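**Student:** Shown below is the structure under consideration.
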Amino acid sequence: MKGTTVFIWSVLLFITFISLGLSYVFNYTKSKDELYLQVDSLFQKHAREWGDCIMESKGIPYSGVYNSQEYANKKKTTIISVDDTIDISKTFFHPESYYEYQMKSRETFLIMSDAYDIEIIDSLFKNILRNAGVIAESSVELKIRNLKDMFPCPDSICKNVPFVKSLSTESIDGHISSPIGVGICDHALLYGYVKIKPSIIISNINWFGYSQICVIILFVILLILKHYLLKYHPIYSLFKRNVVLIGNTCIDISSQELFLWSGECKHITGTKMQLMQMLIDAAPTYKLSKDDVCRKIWNRNSKDGQALYNVVMTEMRGLFITDDPSLELKSLPREGMQLLVNGTMINKRRKMHFLLIYLKHNIRK
């Protein structure tokens, strides 16, 4: 029993430590995902304003007035560069907000005039991370398409043209944010790159959260199971080793006890126990000759032991057979006896039924 207890404790502690370890792996992953989700949220929130920051930092004027009706009637947008003139139909570029129209146009102006300062964007990105308390390495990259390739003519657009240019700061192998569209019809995409050290992620872990509570609950459940396992397993082993089921009756040979379907326990003594053992040994026919019974139990022949034989037959019927409709103890003229078992009346749940009765009975002892 001591060895079994040590083994169960070892398994219990192993399962607990593994579960606890896995719970912290889950918490680490959750902490990392939450940090990167925070970074993405900050990037999406602030990156749309960074074009104006470049304009302001370079002293490029961008204020002015506009006529709302004139803007509403505007049929196209014309972009004039040193190399080309690009006309873009209202169908593809005419935001409802004039502010957005101006912002996108200014971004395109910065990109096409090589004035889009990626170092300023990188500085702004680092600053918002620092202000949010996110300790991480970061960088940005702007991938640019040729606007003329996107709009070969005013009334058509090619969205899948390749990037022809890339502006970036230091290279960081880490998390990549969802891109922010820059310029007219998002002909450039701005990406944020972030790498957070494991020590920073660990410092943000919730060390006692939902996962750890689940592990504690699991440990308590395992303790309860261990208690009942140690309590009931020896009794279950006795049940498997010593119990015989005949019909809807359970017999424990070692303790000389008999259990009826009702749960009643009867102690088997003397000649009844000897005859019960003989019947069990005669399975599956359960057929005994009168002469064998008389000689083994009373050391008499069948004639001299007839009276005793009749008495024990009556006692056996009263002991359990009359209470079990699946059994019948039949007298065989000039032969002996046979215990008949009606298989159609045997309860299919009898093993579990008697196991519960057996456990309950032996725990009370």
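The way I read the labels, and the way they are meant: chains A, B, ... in the order of the structure tokens, residue 1 as the first residue of every chain, and ligand 1 as the first ligand shown, with later ones counted on from there.
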Out of stretch 160-364 of chain A, which residues get alpha helix (DSSP H) from DSSP, as JSON, numbers by chain?

**Tutor:** {"A": [198, 199, 200, 201, 202, 203, 210, 211, 212, 213, 214, 215, 216, 217, 218, 219, 220, 221, 222, 223, 224, 225, 226, 227, 228, 229, 230, 231, 232, 233, 234, 235, 236, 237, 238, 239, 240, 241, 242, 270, 271, 272, 273, 274, 275, 276, 277, 278, 279, 280, 281, 290, 291, 292, 293, 294, 295, 296, 297, 298, 306, 307, 308, 309, 310, 311, 312, 313, 314, 315, 316, 350, 351, 352, 353, 354, 355, 356, 357, 358, 359, 360, 361, 362, 363, 364]}

**Student:** What would the file look like if the residues just selected were written as a PDB file, in the first residue's frame with C-alpha atoms?

**Tutor:**
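The resulting file, selection_7.pdb, is shown below:
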```pdb
ATOM      1  CA  PRO A 198      10.911  37.505 -23.733  1.00  0.00           C
ATOM      2  CA  SER A 199      11.847  39.127 -20.393  1.00  0.00           C
ATOM      3  CA  ILE A 200       9.419  41.996 -21.122  1.00  0.00           C
ATOM      4  CA  ILE A 201       6.675  39.543 -22.087  1.00  0.00           C
ATOM      5  CA  ILE A 202       7.307  37.533 -18.896  1.00  0.00           C
ATOM      6  CA  SER A 203       7.119  40.704 -16.791  1.00  0.00           C
ATOM      7  CA  TYR A 210      -7.702  31.715 -14.862  1.00  0.00           C
ATOM      8  CA  SER A 211      -5.288  29.007 -16.035  1.00  0.00           C
ATOM      9  CA  GLN A 212      -3.675  28.633 -12.609  1.00  0.00           C
ATOM     10  CA  ILE A 213      -7.086  28.483 -10.917  1.00  0.00           C
ATOM     11  CA  CYS A 214      -7.973  25.648 -13.309  1.00  0.00           C
ATOM     12  CA  VAL A 215      -4.763  23.822 -12.335  1.00  0.00           C
ATOM     13  CA  ILE A 216      -5.560  24.223  -8.624  1.00  0.00           C
ATOM     14  CA  ILE A 217      -9.069  22.874  -9.217  1.00  0.00           C
ATOM     15  CA  LEU A 218      -7.558  19.978 -11.175  1.00  0.00           C
ATOM     16  CA  PHE A 219      -5.149  19.291  -8.299  1.00  0.00           C
ATOM     17  CA  VAL A 220      -8.008  19.248  -5.772  1.00  0.00           C
ATOM     18  CA  ILE A 221      -9.995  16.875  -8.013  1.00  0.00           C
ATOM     19  CA  LEU A 222      -6.968  14.595  -8.309  1.00  0.00           C
ATOM     20  CA  LEU A 223      -6.518  14.653  -4.519  1.00  0.00           C
ATOM     21  CA  ILE A 224     -10.128  13.596  -4.070  1.00  0.00           C
ATOM     22  CA  LEU A 225      -9.693  10.864  -6.669  1.00  0.00           C
ATOM     23  CA  LYS A 226      -6.501   9.712  -4.925  1.00  0.00           C
ATOM     24  CA  HIS A 227      -8.327   9.519  -1.608  1.00  0.00           C
ATOM     25  CA  TYR A 228     -11.126   7.387  -3.018  1.00  0.00           C
ATOM     26  CA  LEU A 229      -8.724   5.307  -5.099  1.00  0.00           C
ATOM     27  CA  LEU A 230      -6.666   4.376  -2.047  1.00  0.00           C
ATOM     28  CA  LYS A 231      -9.825   3.789  -0.064  1.00  0.00           C
ATOM     29  CA  TYR A 232     -11.731   1.668  -2.554  1.00  0.00           C
ATOM     30  CA  HIS A 233      -9.083  -0.029  -4.675  1.00  0.00           C
ATOM     31  CA  PRO A 234      -8.169  -2.734  -2.097  1.00  0.00           C
ATOM     32  CA  ILE A 235     -11.866  -3.548  -1.681  1.00  0.00           C
ATOM     33  CA  TYR A 236     -12.312  -3.659  -5.453  1.00  0.00           C
ATOM     34  CA  SER A 237      -9.359  -6.055  -5.685  1.00  0.00           C
ATOM     35  CA  LEU A 238     -11.046  -8.339  -3.125  1.00  0.00           C
ATOM     36  CA  PHE A 239     -14.252  -8.163  -5.119  1.00  0.00           C
ATOM     37  CA  LYS A 240     -12.487  -9.237  -8.314  1.00  0.00           C
ATOM     38  CA  ARG A 241     -10.524 -11.985  -6.581  1.00  0.00           C
ATOM     39  CA  ASN A 242     -13.076 -13.519  -4.199  1.00  0.00           C
ATOM     40  CA  GLY A 270     -21.286 -24.766   8.350  1.00  0.00           C
ATOM     41  CA  THR A 271     -22.843 -27.220   5.923  1.00  0.00           C
ATOM     42  CA  LYS A 272     -24.435 -24.437   3.858  1.00  0.00           C
ATOM     43  CA  MET A 273     -20.972 -23.038   3.113  1.00  0.00           C
ATOM     44  CA  GLN A 274     -19.641 -26.462   2.206  1.00  0.00           C
ATOM     45  CA  LEU A 275     -22.530 -27.115  -0.150  1.00  0.00           C
ATOM     46  CA  MET A 276     -22.181 -23.620  -1.652  1.00  0.00           C
ATOM     47  CA  GLN A 277     -18.528 -24.312  -2.386  1.00  0.00           C
ATOM     48  CA  MET A 278     -19.430 -27.617  -4.033  1.00  0.00           C
ATOM     49  CA  LEU A 279     -22.020 -25.893  -6.238  1.00  0.00           C
ATOM     50  CA  ILE A 280     -19.518 -23.225  -7.269  1.00  0.00           C
ATOM     51  CA  ASP A 281     -16.918 -25.874  -8.091  1.00  0.00           C
ATOM     52  CA  LYS A 290     -26.516 -36.951  -3.543  1.00  0.00           C
ATOM     53  CA  ASP A 291     -23.808 -39.456  -2.712  1.00  0.00           C
ATOM     54  CA  ASP A 292     -20.987 -36.896  -3.206  1.00  0.00           C
ATOM     55  CA  VAL A 293     -22.775 -34.354  -1.048  1.00  0.00           C
ATOM     56  CA  CYS A 294     -23.351 -36.774   1.814  1.00  0.00           C
ATOM     57  CA  ARG A 295     -19.816 -38.156   1.773  1.00  0.00           C
ATOM     58  CA  LYS A 296     -17.991 -34.812   1.560  1.00  0.00           C
ATOM     59  CA  ILE A 297     -20.118 -32.975   4.091  1.00  0.00           C
ATOM     60  CA  TRP A 298     -21.137 -35.676   6.635  1.00  0.00           C
ATOM     61  CA  GLN A 306     -30.833 -38.518   3.464  1.00  0.00           C
ATOM     62  CA  ALA A 307     -32.372 -36.551   6.336  1.00  0.00           C
ATOM     63  CA  LEU A 308     -29.416 -34.190   6.615  1.00  0.00           C
ATOM     64  CA  TYR A 309     -29.409 -33.831   2.838  1.00  0.00           C
ATOM     65  CA  ASN A 310     -33.090 -32.794   2.830  1.00  0.00           C
ATOM     66  CA  VAL A 311     -32.481 -30.252   5.577  1.00  0.00           C
ATOM     67  CA  VAL A 312     -29.549 -28.594   3.808  1.00  0.00           C
ATOM     68  CA  MET A 313     -31.538 -28.496   0.552  1.00  0.00           C
ATOM     69  CA  THR A 314     -34.308 -26.608   2.375  1.00  0.00           C
ATOM     70  CA  GLU A 315     -31.780 -24.295   4.044  1.00  0.00           C
ATOM     71  CA  MET A 316     -30.160 -23.455   0.693  1.00  0.00           C
ATOM     72  CA  ARG A 350     -25.446  -7.146 -11.857  1.00  0.00           C
ATOM     73  CA  LYS A 351     -21.653  -6.723 -11.605  1.00  0.00           C
ATOM     74  CA  MET A 352     -21.814  -2.977 -11.033  1.00  0.00           C
ATOM     75  CA  HIS A 353     -24.835  -3.398  -8.774  1.00  0.00           C
ATOM     76  CA  PHE A 354     -23.058  -5.861  -6.498  1.00  0.00           C
ATOM     77  CA  LEU A 355     -19.774  -3.934  -6.625  1.00  0.00           C
ATOM     78  CA  LEU A 356     -21.508  -0.905  -5.086  1.00  0.00           C
ATOM     79  CA  ILE A 357     -23.163  -3.106  -2.447  1.00  0.00           C
ATOM     80  CA  TYR A 358     -19.821  -4.815  -1.741  1.00  0.00           C
ATOM     81  CA  LEU A 359     -17.960  -1.517  -1.397  1.00  0.00           C
ATOM     82  CA  LYS A 360     -20.574  -0.064   0.906  1.00  0.00           C
ATOM     83  CA  HIS A 361     -20.649  -3.202   3.060  1.00  0.00           C
ATOM     84  CA  ASN A 362     -16.864  -3.484   3.433  1.00  0.00           C
ATOM     85  CA  ILE A 363     -16.352   0.206   4.183  1.00  0.00           C
ATOM     86  CA  ARG A 364     -18.666  -0.171   7.161  1.00  0.00           C
TER      87      ARG A 364
END
```

**Student:** Would you mind writing down, as a count of residues only, each residue of stretch 34-243 of chain A that DSSP on the backbone assigns to strand (DSSP E or B)?

**Tutor:** 39

**Student:** Record the distance separating atom CA of A:Val164 and atom CA of A:Ser57, expressed in Å with one decimal.

**Tutor:**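 Taking atom CA of A:Val164 and atom CA of A:Ser57, their separation equals 26.4 Å.
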
**Student:** Using only C-alpha atoms, which of the listed residues (A:Ser81, A:Ser331, A:Asn131, A:Ser139) sits closest to A:Met112?

**Tutor:** A:Ser81

**Student:** Which polymer residues have any atom within 8 Å of an atom of A:Phe125, counting only C-alpha atoms, with same-chain residues fewer than 2 positions away left out, as a list in words?

**Tutor:**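 Answer for this query is Phe43, Ala47, Ile121, Asp122, Ser123, Asn127, Ile128, Leu129, Ser138, Ser139, Val140 and Gly192 of chain A.
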
**Student:** Do you know which residues are at most 8 Å from A:Ile54 counting only C-alpha atoms, after dropping those on the same chain fewer than 2 positions away, and could you put them as a list in words?

**Tutor:** Trp50, Gly51, Asp52, Glu56, Ser57, Lys58, Tyr116, Asp117, Ile120 and Ile121 of chain A

**Student:** Only N, CA and C atoms, please: the residues just picked out, written as a compact mmCIF listing (two decimals), in the first residue's frame.

**Tutor:**
```txt
# COMPACT_ATOMS: atom_id res chain seq x y z
N TRP A 50 0.61 60.78 -39.51
CA TRP A 50 2.05 61.04 -39.60
C TRP A 50 2.44 61.82 -40.87
N GLY A 51 1.63 61.74 -41.93
CA GLY A 51 1.92 62.54 -43.12
C GLY A 51 1.90 64.02 -42.81
N ASP A 52 0.92 64.45 -42.02
CA ASP A 52 0.83 65.86 -41.62
C ASP A 52 2.01 66.25 -40.75
N GLU A 56 4.58 69.31 -41.40
CA GLU A 56 4.83 70.33 -40.39
C GLU A 56 6.31 70.42 -40.06
N SER A 57 6.95 69.25 -39.89
CA SER A 57 8.36 69.26 -39.51
C SER A 57 9.24 69.83 -40.62
N LYS A 58 8.84 69.69 -41.88
CA LYS A 58 9.61 70.21 -43.01
C LYS A 58 9.19 71.62 -43.41
N TYR A 116 9.01 62.15 -48.37
CA TYR A 116 8.42 61.33 -47.30
C TYR A 116 9.57 60.80 -46.45
N ASP A 117 9.76 61.40 -45.28
CA ASP A 117 10.91 61.11 -44.42
C ASP A 117 10.59 59.91 -43.51
N ILE A 120 11.50 60.26 -39.76
CA ILE A 120 10.53 60.94 -38.90
C ILE A 120 9.42 59.97 -38.48
N ILE A 121 8.97 59.15 -39.43
CA ILE A 121 7.93 58.16 -39.12
C ILE A 121 8.43 57.18 -38.07
```

**Student:** Report the distance between atom CA of A:Met345 and atom CA of A:Leu288 in Å, rounded to one decimal place.

**Tutor:**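 Atom CA of A:Met345 sits 23.0 Å away from atom CA of A:Leu288.
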
**Student:** Kindly give the distance, in Å, that separates atom CA of A:Ser177 and atom CA of A:Cys53, rounded to a single decimal.

**Tutor:**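 Between atom CA of A:Ser177 and atom CA of A:Cys53 the gap is 20.5 Å.
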
**Student:** If we count only C-alpha atoms, what is near stretch 141-153 of chain A at a cut-off of 6 Å, once residues fewer than 3 positions away on the same chain are taken out, given as a PDB file with C-alpha atoms, in the first residue's frame?

**Tutor:**
```
ATOM      1  CA  SER A 156      -9.325  52.467 -64.993  1.00  0.00           C
ATOM      2  CA  ILE A 157      -7.378  51.213 -61.966  1.00  0.00           C
ATOM      3  CA  CYS A 158      -4.893  48.360 -61.540  1.00  0.00           C
ATOM      4  CA  PHE A 163       5.881  47.680 -55.394  1.00  0.00           C
ATOM      5  CA  VAL A 164       8.692  49.550 -57.120  1.00  0.00           C
ATOM      6  CA  LYS A 165      10.342  51.193 -54.138  1.00  0.00           C
ATOM      7  CA  SER A 166      10.818  50.646 -50.429  1.00  0.00           C
ATOM      8  CA  LEU A 167      11.820  53.080 -47.680  1.00  0.00           C
ATOM      9  CA  SER A 168      12.795  51.609 -44.332  1.00  0.00           C
ATOM     10  CA  HIS A 187      -0.535  53.402 -53.588  1.00  0.00           C
ATOM     11  CA  ALA A 188       1.926  53.007 -50.683  1.00  0.00           C
ATOM     12  CA  LEU A 189       1.670  50.788 -47.602  1.00  0.00           C
ATOM     13  CA  LEU A 190       3.265  51.591 -44.258  1.00  0.00           C
ATOM     14  CA  TYR A 191       4.311  48.679 -42.020  1.00  0.00           C
TER      15      TYR A 191
END
```
